[in-house]
Amino acid sequence: MTNTLNIFKKELKGYFISPIAYIVISIFLILTGWFFFSTFFLYGQAEMRGFFSLLPIIFSFIIPAITMKLFSEEFNTGSYELLLTLPVSSLNIILGKFMAAASFVSIMLVPTIFYAFFISFLGDLDWGPVIGGYIGAVLLGAAFSAIGLFASSITRNQIIAFITGMSLCFLLTLVDKILFFLPESALNFFQFLGADFHFRNISKGVIDSRDLLYFLSVCFVMLYSTNLVIQEKS
Amino acid sequence: MIKIENLTKYFGDTCAVDQISFEIRKGEVLGLLGPNGAGKTTTMRMLTCYLKPSSGDINVKDFSIEDNALEIKKLIGYLPESAPLYPDMIVYDYLRFIADVRELEKSNVDARIKELAGICGISEVMHKSINELSKGYKQRVGLAHAMMNDPEILVLDEPTSGLDPNQIVEIRDIIKKIGKEKTVILSTHILSEAEATCDRIVIINKGKIVAAGATDELKREAGSDFIMQVSLKHNNFEDISNSLRNVPEVNDVILINDENGTIDFHLACSGKKDVRPEIYEVIRNNSWILLEFHMESRTLETIFRELTKES
């Protein structure tokens, strides 16, 4: 456990030592800020639904960019050999890295809380959906981080890791929209697999155990697959 | 201390390490020798739990690599080839991270890092980022990394590769110092290095052990033949050859070079007797002009070449 925390601390610190963190956070804030506020005043409603509905798409390419280096860079520079010969288990490594990426996504969301305060000055903001939205965003961030981590573990090339991670995230976000031509019953099934559907439920302010379970299972399946890939490597 | 039994590793169809067995005793400096691609690094990687053996077992103390990998990792300090450290980190932060993972007591960490900085000579680069370091300094930081928790076993994969001659001597001295108390396993393809630092040597070729033993033991086993190198001012090699073959211990006279009236040749001699006086006698009786005359004992190098050459 202590070693999971040690790796977590090292990885999280690593983000902020290099310029990656600042660039990614800036791009995230500019994109969400621009897309959200460009239509916000047209609707004239004091709510953050527009902001949260952007997140699945924006996360789909921002998070793989955050996670792409986690394993790929280690494989490429060979530092993975040093890491693995320290007294740590592969579980320590995977959990530490996953927690670092998920925490980084959460930190990235912190400045957007000011949007909520700003809107609450403009009108009567219902805080329920906002809190629900943030819980959903953290869960979505965690699930996509797990996907990105998995993508990073299968290759030593960061670009391949990024593109694979992005494809998987987009697939989960858009699966119900891509398959619009299927009959209703089949579509419902695929909708249930999609991350967007569950995220929308939570961001309405309704925290349903099915949606929580969905995000937790995505994390679990992806982290477990990562573990299998890592085991296979040695 | 360490017992390796029938260790085998396949990468796909290629067999990198083939049924290797040997033991390493406590407080011993063991050298793993072999040409490139012989399986030295693979063996070390299995010993440090980075790779899983395809078959066979490694026991460190009472721990088996299959069930107690974590315990073994705690006992071993490992410096991989070319020290692949995290490039973005500052040396101090890196060592601090290693100290945390190695579970050093918080109050001792700074003192230990300072001590290691002294031993490895990295005090002046403590606050540099690792990617700014030269190869030699990286290697030293890697050594500090390996020695962080004062491990009982040190595994060093080509610790002196890429260093300048001064640094090589320094690192060798460090290894010798450590080797007095700890068990050290190092791989190298520099034979003089192995001769200078190791108590015992294991020579690997194509994944198999071809020779193992103490350095002088290996030399003794390889036989008592020796070679004499001679240079004469003379024009006719046949003449020299015929005269020298009369000395009973001389088996063969091999021409090396014949230029500008100078003839270089080797005399292959057998037996334990030193035949230099007899050979000099022949040279003096013929009034040849002697330019060079010395005995080449069999070095580790000749043994190594014989054992590992392509057949």
# chains A, B, ... in the order shown; residues from 1 in each chain; ligands from 1
call {"tool": "residues_around", "arguments": {"residues": "Tyr134 (chain A)", "least_positions_apart": "4", "cutoff": "8 Å", "atoms": "only C-alpha atoms", "output": "list in words"}}
result
Val130, Val138 and Ser203 of chain A
call {"tool": "select_by_dssp", "arguments": {"residues": "region 74-124 of chain B", "states": "helix (DSSP H, G or I)", "output": "PyMOL selection string"}}
result
chain B and resi 74-75+91-101+106-120+123-124
call {"tool": "closest_atom_pairs", "arguments": {"of": "chain B", "to": "chain A", "cutoff": "8 Å", "atoms": "only C-alpha atoms", "output": "CSV"}}
result
residue,atom,partner,partner_atom,distance
B:Thr48,CA,A:Thr85,CA,5.9
B:Cys49,CA,A:Thr85,CA,6.3
B:Tyr50,CA,A:Thr85,CA,5.9
B:Leu51,CA,A:Ser234,CA,4.5
B:Lys52,CA,A:Ser234,CA,5.6
B:Leu70,CA,A:Pro87,CA,5.4
B:Glu71,CA,A:Pro87,CA,7.4
B:Lys73,CA,A:Pro87,CA,5.0
B:Lys74,CA,A:Pro87,CA,5.4
B:Tyr78,CA,A:Thr85,CA,7.1
B:Leu79,CA,A:Leu82,CA,7.8
B:Pro80,CA,A:Leu82,CA,7.2
B:Pro84,CA,A:Ser79,CA,4.8
B:Leu85,CA,A:Ser79,CA,5.4
B:Tyr86,CA,A:Ser79,CA,6.1
B:Asp88,CA,A:Ser18,CA,7.2
B:Met89,CA,A:Gly14,CA,7.5
B:Phe97,CA,A:Lys10,CA,7.1
B:Asp100,CA,A:Asn6,CA,6.7
B:Val101,CA,A:Asn3,CA,5.7
B:Arg102,CA,A:Pro87,CA,6.8
call {"tool": "select_by_dssp", "arguments": {"residues": "region 12-199 of chain B", "states": "strand (DSSP E)", "output": "count of residues only"}}
result
39
call {"tool": "atom_distance", "arguments": {"atom1": "CA of Gly205 (chain A)", "atom2": "CA of Phe36 (chain A)"}}
result
19.1 Å
call {"tool": "residues_around", "arguments": {"residues": "Lys233 (chain B)", "least_positions_apart": "5", "cutoff": "10 Å", "atoms": "only C-alpha atoms", "output": "ChimeraX atom specification"}}
result
/B:258-264,288-292
call {"tool": "write_last_selection", "arguments": {"atoms": "N, CA and C atoms", "output": "PDB file, in the first residue's frame"}}
result
ATOM      1  N   ASP B 258      57.249 -11.012 -41.705  1.00  0.00           N
ATOM      2  CA  ASP B 258      58.594 -11.038 -42.282  1.00  0.00           C
ATOM      3  C   ASP B 258      58.735  -9.807 -43.156  1.00  0.00           C
ATOM      4  N   GLU B 259      59.366  -8.780 -42.619  1.00  0.00           N
ATOM      5  CA  GLU B 259      59.462  -7.521 -43.354  1.00  0.00           C
ATOM      6  C   GLU B 259      60.805  -6.861 -43.116  1.00  0.00           C
ATOM      7  N   ASN B 260      61.392  -6.303 -44.147  1.00  0.00           N
ATOM      8  CA  ASN B 260      62.646  -5.542 -44.045  1.00  0.00           C
ATOM      9  C   ASN B 260      63.721  -6.259 -43.240  1.00  0.00           C
ATOM     10  N   GLY B 261      63.812  -7.545 -43.443  1.00  0.00           N
ATOM     11  CA  GLY B 261      64.858  -8.295 -42.748  1.00  0.00           C
ATOM     12  C   GLY B 261      64.584  -8.559 -41.290  1.00  0.00           C
ATOM     13  N   THR B 262      63.361  -8.240 -40.844  1.00  0.00           N
ATOM     14  CA  THR B 262      62.982  -8.547 -39.460  1.00  0.00           C
ATOM     15  C   THR B 262      61.923  -9.637 -39.471  1.00  0.00           C
ATOM     16  N   ILE B 263      62.160 -10.660 -38.706  1.00  0.00           N
ATOM     17  CA  ILE B 263      61.204 -11.767 -38.664  1.00  0.00           C
ATOM     18  C   ILE B 263      60.594 -11.860 -37.272  1.00  0.00           C
ATOM     19  N   ASP B 264      59.236 -11.782 -37.213  1.00  0.00           N
ATOM     20  CA  ASP B 264      58.537 -12.004 -35.941  1.00  0.00           C
ATOM     21  C   ASP B 264      57.919 -13.382 -35.990  1.00  0.00           C
ATOM     22  N   TRP B 288      72.439 -14.710 -34.198  1.00  0.00           N
ATOM     23  CA  TRP B 288      71.354 -13.892 -34.732  1.00  0.00           C
ATOM     24  C   TRP B 288      71.223 -12.628 -33.885  1.00  0.00           C
ATOM     25  N   ILE B 289      70.705 -11.587 -34.528  1.00  0.00           N
ATOM     26  CA  ILE B 289      70.519 -10.345 -33.756  1.00  0.00           C
ATOM     27  C   ILE B 289      69.118 -10.363 -33.153  1.00  0.00           C
ATOM     28  N   LEU B 290      69.077 -10.376 -31.842  1.00  0.00           N
ATOM     29  CA  LEU B 290      67.802 -10.511 -31.141  1.00  0.00           C
ATOM     30  C   LEU B 290      67.198  -9.131 -30.887  1.00  0.00           C
ATOM     31  N   LEU B 291      65.940  -8.947 -31.332  1.00  0.00           N
ATOM     32  CA  LEU B 291      65.271  -7.657 -31.114  1.00  0.00           C
ATOM     33  C   LEU B 291      64.271  -7.723 -29.958  1.00  0.00           C
ATOM     34  N   GLU B 292      63.565  -8.842 -29.880  1.00  0.00           N
ATOM     35  CA  GLU B 292      62.523  -8.941 -28.861  1.00  0.00           C
ATOM     36  C   GLU B 292      62.357 -10.405 -28.479  1.00  0.00           C
TER      37      GLU B 292
END
call {"tool": "residues_around", "arguments": {"residues": "Pro64 (chain A)", "least_positions_apart": "3", "cutoff": "12 Å", "atoms": "only C-alpha atoms", "output": "PyMOL selection string"}}
result
chain A and resi 24+57-61+67-70+72+101-102+105+141-152+158-170
call {"tool": "closest_residue", "arguments": {"among": "B:Ile153, B:Ala146, B:Ile90, B:Leu191", "to": "Val125 (chain B)", "atoms": "only C-alpha atoms"}}
result
B:Ile90
call {"tool": "closest_residue", "arguments": {"among": "A:Met108, A:Ser217, A:Gly128, A:Ile230", "to": "Tyr22 (chain A)", "atoms": "only C-alpha atoms"}}
result
A:Met108
call {"tool": "residues_around", "arguments": {"residues": "Pro151 (chain B)", "least_positions_apart": "6", "cutoff": "6 Å", "atoms": "only C-alpha atoms", "output": "list of chain:residue names"}}
result
B:Leu75, B:Ile76, B:Gly77
call {"tool": "atom_distance", "arguments": {"atom1": "CA of Val202 (chain B)", "atom2": "CA of Thr14 (chain B)"}}
result
21.9 Å
call {"tool": "residues_around", "arguments": {"residues": "region 273-287 of chain B", "least_positions_apart": "4", "cutoff": "12 Å", "atoms": "only C-alpha atoms", "output": "VMD selection string"}}
result
chain B and resid 224 to 234 239 to 251 267 to 269 291 to 297
call {"tool": "write_last_selection", "arguments": {"atoms": "N, CA and C atoms", "output": "mmCIF file, in the first residue's frame"}}
result
data_model
loop_
_atom_site.group_PDB
_atom_site.id
_atom_site.type_symbol
_atom_site.label_atom_id
_atom_site.label_comp_id
_atom_site.auth_asym_id
_atom_site.auth_seq_id
_atom_site.Cartn_x
_atom_site.Cartn_y
_atom_site.Cartn_z
ATOM 1 N N SER B 224 49.071 -26.182 -19.516
ATOM 2 C CA SER B 224 50.300 -25.474 -19.171
ATOM 3 C C SER B 224 51.040 -24.991 -20.414
ATOM 4 N N ASP B 225 50.392 -25.075 -21.565
ATOM 5 C CA ASP B 225 51.067 -24.609 -22.778
ATOM 6 C C ASP B 225 51.307 -23.110 -22.693
ATOM 7 N N PHE B 226 52.378 -22.694 -23.270
ATOM 8 C CA PHE B 226 52.572 -21.250 -23.366
ATOM 9 C C PHE B 226 53.219 -20.894 -24.691
ATOM 10 N N ILE B 227 53.218 -19.611 -24.938
ATOM 11 C CA ILE B 227 53.689 -19.142 -26.227
ATOM 12 C C ILE B 227 54.804 -18.125 -26.008
ATOM 13 N N MET B 228 55.835 -18.218 -26.841
ATOM 14 C CA MET B 228 56.938 -17.283 -26.733
ATOM 15 C C MET B 228 56.954 -16.417 -27.979
ATOM 16 N N GLN B 229 57.087 -15.123 -27.766
ATOM 17 C CA GLN B 229 57.122 -14.246 -28.925
ATOM 18 C C GLN B 229 58.548 -13.778 -29.147
ATOM 19 N N VAL B 230 59.045 -13.946 -30.374
ATOM 20 C CA VAL B 230 60.442 -13.612 -30.655
ATOM 21 C C VAL B 230 60.519 -12.751 -31.916
ATOM 22 N N SER B 231 61.425 -11.804 -31.904
ATOM 23 C CA SER B 231 61.701 -10.979 -33.073
ATOM 24 C C SER B 231 63.191 -11.033 -33.359
ATOM 25 N N LEU B 232 63.565 -11.353 -34.618
ATOM 26 C CA LEU B 232 64.987 -11.451 -34.949
ATOM 27 C C LEU B 232 65.294 -10.637 -36.193
ATOM 28 N N LYS B 233 66.568 -10.190 -36.313
ATOM 29 C CA LYS B 233 66.998 -9.577 -37.549
ATOM 30 C C LYS B 233 67.594 -10.702 -38.392
ATOM 31 N N HIS B 234 66.857 -11.105 -39.410
ATOM 32 C CA HIS B 234 67.281 -12.260 -40.190
ATOM 33 C C HIS B 234 66.498 -12.272 -41.483
ATOM 34 N N ASP B 239 65.503 -21.256 -42.021
ATOM 35 C CA ASP B 239 66.725 -21.473 -41.273
ATOM 36 C C ASP B 239 66.457 -21.432 -39.766
ATOM 37 N N ILE B 240 65.727 -20.367 -39.354
ATOM 38 C CA ILE B 240 65.410 -20.192 -37.933
ATOM 39 C C ILE B 240 64.554 -21.350 -37.449
ATOM 40 N N SER B 241 63.537 -21.615 -38.252
ATOM 41 C CA SER B 241 62.581 -22.645 -37.874
ATOM 42 C C SER B 241 63.277 -23.976 -37.630
ATOM 43 N N ASN B 242 64.154 -24.357 -38.565
ATOM 44 C CA ASN B 242 64.824 -25.654 -38.444
ATOM 45 C C ASN B 242 65.708 -25.723 -37.213
ATOM 46 N N SER B 243 66.400 -24.610 -36.931
ATOM 47 C CA SER B 243 67.295 -24.642 -35.771
ATOM 48 C C SER B 243 66.519 -24.746 -34.475
ATOM 49 N N LEU B 244 65.388 -23.979 -34.391
ATOM 50 C CA LEU B 244 64.650 -23.938 -33.129
ATOM 51 C C LEU B 244 63.858 -25.209 -32.859
ATOM 52 N N ARG B 245 63.481 -25.902 -33.948
ATOM 53 C CA ARG B 245 62.720 -27.139 -33.749
ATOM 54 C C ARG B 245 63.561 -28.218 -33.058
ATOM 55 N N ASN B 246 64.883 -27.991 -33.008
ATOM 56 C CA ASN B 246 65.745 -28.964 -32.335
ATOM 57 C C ASN B 246 65.581 -28.952 -30.823
ATOM 58 N N VAL B 247 65.054 -27.822 -30.303
ATOM 59 C CA VAL B 247 64.770 -27.781 -28.861
ATOM 60 C C VAL B 247 63.556 -28.672 -28.610
ATOM 61 N N PRO B 248 63.675 -29.685 -27.750
ATOM 62 C CA PRO B 248 62.595 -30.688 -27.638
ATOM 63 C C PRO B 248 61.234 -30.108 -27.228
ATOM 64 N N GLU B 249 61.230 -29.064 -26.375
ATOM 65 C CA GLU B 249 59.940 -28.562 -25.889
ATOM 66 C C GLU B 249 59.193 -27.749 -26.935
ATOM 67 N N VAL B 250 59.866 -27.310 -27.967
ATOM 68 C CA VAL B 250 59.199 -26.473 -28.973
ATOM 69 C C VAL B 250 58.371 -27.352 -29.906
ATOM 70 N N ASN B 251 57.084 -27.094 -29.919
ATOM 71 C CA ASN B 251 56.195 -27.887 -30.769
ATOM 72 C C ASN B 251 56.083 -27.316 -32.171
ATOM 73 N N LEU B 267 56.729 -19.136 -30.806
ATOM 74 C CA LEU B 267 57.119 -20.502 -30.524
ATOM 75 C C LEU B 267 56.063 -21.101 -29.606
ATOM 76 N N ALA B 268 55.439 -22.181 -30.058
ATOM 77 C CA ALA B 268 54.477 -22.852 -29.196
ATOM 78 C C ALA B 268 55.215 -23.917 -28.413
ATOM 79 N N CYS B 269 55.184 -23.781 -27.084
ATOM 80 C CA CYS B 269 55.921 -24.727 -26.258
ATOM 81 C C CYS B 269 54.972 -25.497 -25.354
ATOM 82 N N LEU B 291 65.940 -8.947 -31.332
ATOM 83 C CA LEU B 291 65.271 -7.657 -31.114
ATOM 84 C C LEU B 291 64.271 -7.723 -29.958
ATOM 85 N N GLU B 292 63.565 -8.842 -29.880
ATOM 86 C CA GLU B 292 62.523 -8.941 -28.861
ATOM 87 C C GLU B 292 62.357 -10.405 -28.479
ATOM 88 N N PHE B 293 62.090 -10.639 -27.190
ATOM 89 C CA PHE B 293 61.993 -12.016 -26.748
ATOM 90 C C PHE B 293 61.212 -12.030 -25.448
ATOM 91 N N HIS B 294 59.931 -12.467 -25.500
ATOM 92 C CA HIS B 294 59.240 -12.581 -24.211
ATOM 93 C C HIS B 294 58.192 -13.682 -24.218
ATOM 94 N N MET B 295 57.844 -14.103 -22.998
ATOM 95 C CA MET B 295 56.930 -15.218 -22.863
ATOM 96 C C MET B 295 55.524 -14.693 -22.620
ATOM 97 N N GLU B 296 54.608 -15.216 -23.403
ATOM 98 C CA GLU B 296 53.207 -14.856 -23.203
ATOM 99 C C GLU B 296 52.535 -15.988 -22.453
ATOM 100 N N SER B 297 52.162 -15.710 -21.213
ATOM 101 C CA SER B 297 51.438 -16.777 -20.507
ATOM 102 C C SER B 297 49.999 -16.755 -21.009
#
call {"tool": "atom_distance", "arguments": {"atom1": "CA of Glu28 (chain B)", "atom2": "CA of Lys182 (chain B)"}}
result
7.1 Å
call {"tool": "residues_around", "arguments": {"residues": "Thr42 (chain B)", "least_positions_apart": "5", "cutoff": "9 Å", "atoms": "only C-alpha atoms", "output": "list in words"}}
result
Lys9, Ala16, Val17, Leu47 and Leu51 of chain B
call {"tool": "write_last_selection", "arguments": {"atoms": "N, CA, C and O atoms", "output": "PDB file, in the first residue's frame"}}
result
ATOM      1  N   LYS B   9      15.470 -19.785 -20.403  1.00  0.00           N
ATOM      2  CA  LYS B   9      14.562 -18.733 -20.865  1.00  0.00           C
ATOM      3  C   LYS B   9      14.442 -18.758 -22.378  1.00  0.00           C
ATOM      4  O   LYS B   9      15.443 -18.709 -23.087  1.00  0.00           O
ATOM      5  N   ALA B  16      17.448 -18.141 -25.064  1.00  0.00           N
ATOM      6  CA  ALA B  16      18.452 -17.156 -24.655  1.00  0.00           C
ATOM      7  C   ALA B  16      19.347 -17.716 -23.564  1.00  0.00           C
ATOM      8  O   ALA B  16      20.544 -17.469 -23.537  1.00  0.00           O
ATOM      9  N   VAL B  17      18.749 -18.459 -22.660  1.00  0.00           N
ATOM     10  CA  VAL B  17      19.507 -19.073 -21.572  1.00  0.00           C
ATOM     11  C   VAL B  17      19.102 -20.533 -21.521  1.00  0.00           C
ATOM     12  O   VAL B  17      17.920 -20.855 -21.514  1.00  0.00           O
ATOM     13  N   LEU B  47      17.274 -13.145 -12.387  1.00  0.00           N
ATOM     14  CA  LEU B  47      17.689 -13.123 -10.985  1.00  0.00           C
ATOM     15  C   LEU B  47      17.044 -11.951 -10.247  1.00  0.00           C
ATOM     16  O   LEU B  47      16.687 -12.059  -9.072  1.00  0.00           O
ATOM     17  N   LEU B  51      12.347 -10.668 -15.458  1.00  0.00           N
ATOM     18  CA  LEU B  51      11.804 -11.660 -16.374  1.00  0.00           C
ATOM     19  C   LEU B  51      11.480 -12.932 -15.593  1.00  0.00           C
ATOM     20  O   LEU B  51      12.148 -13.245 -14.619  1.00  0.00           O
TER      21      LEU B  51
END
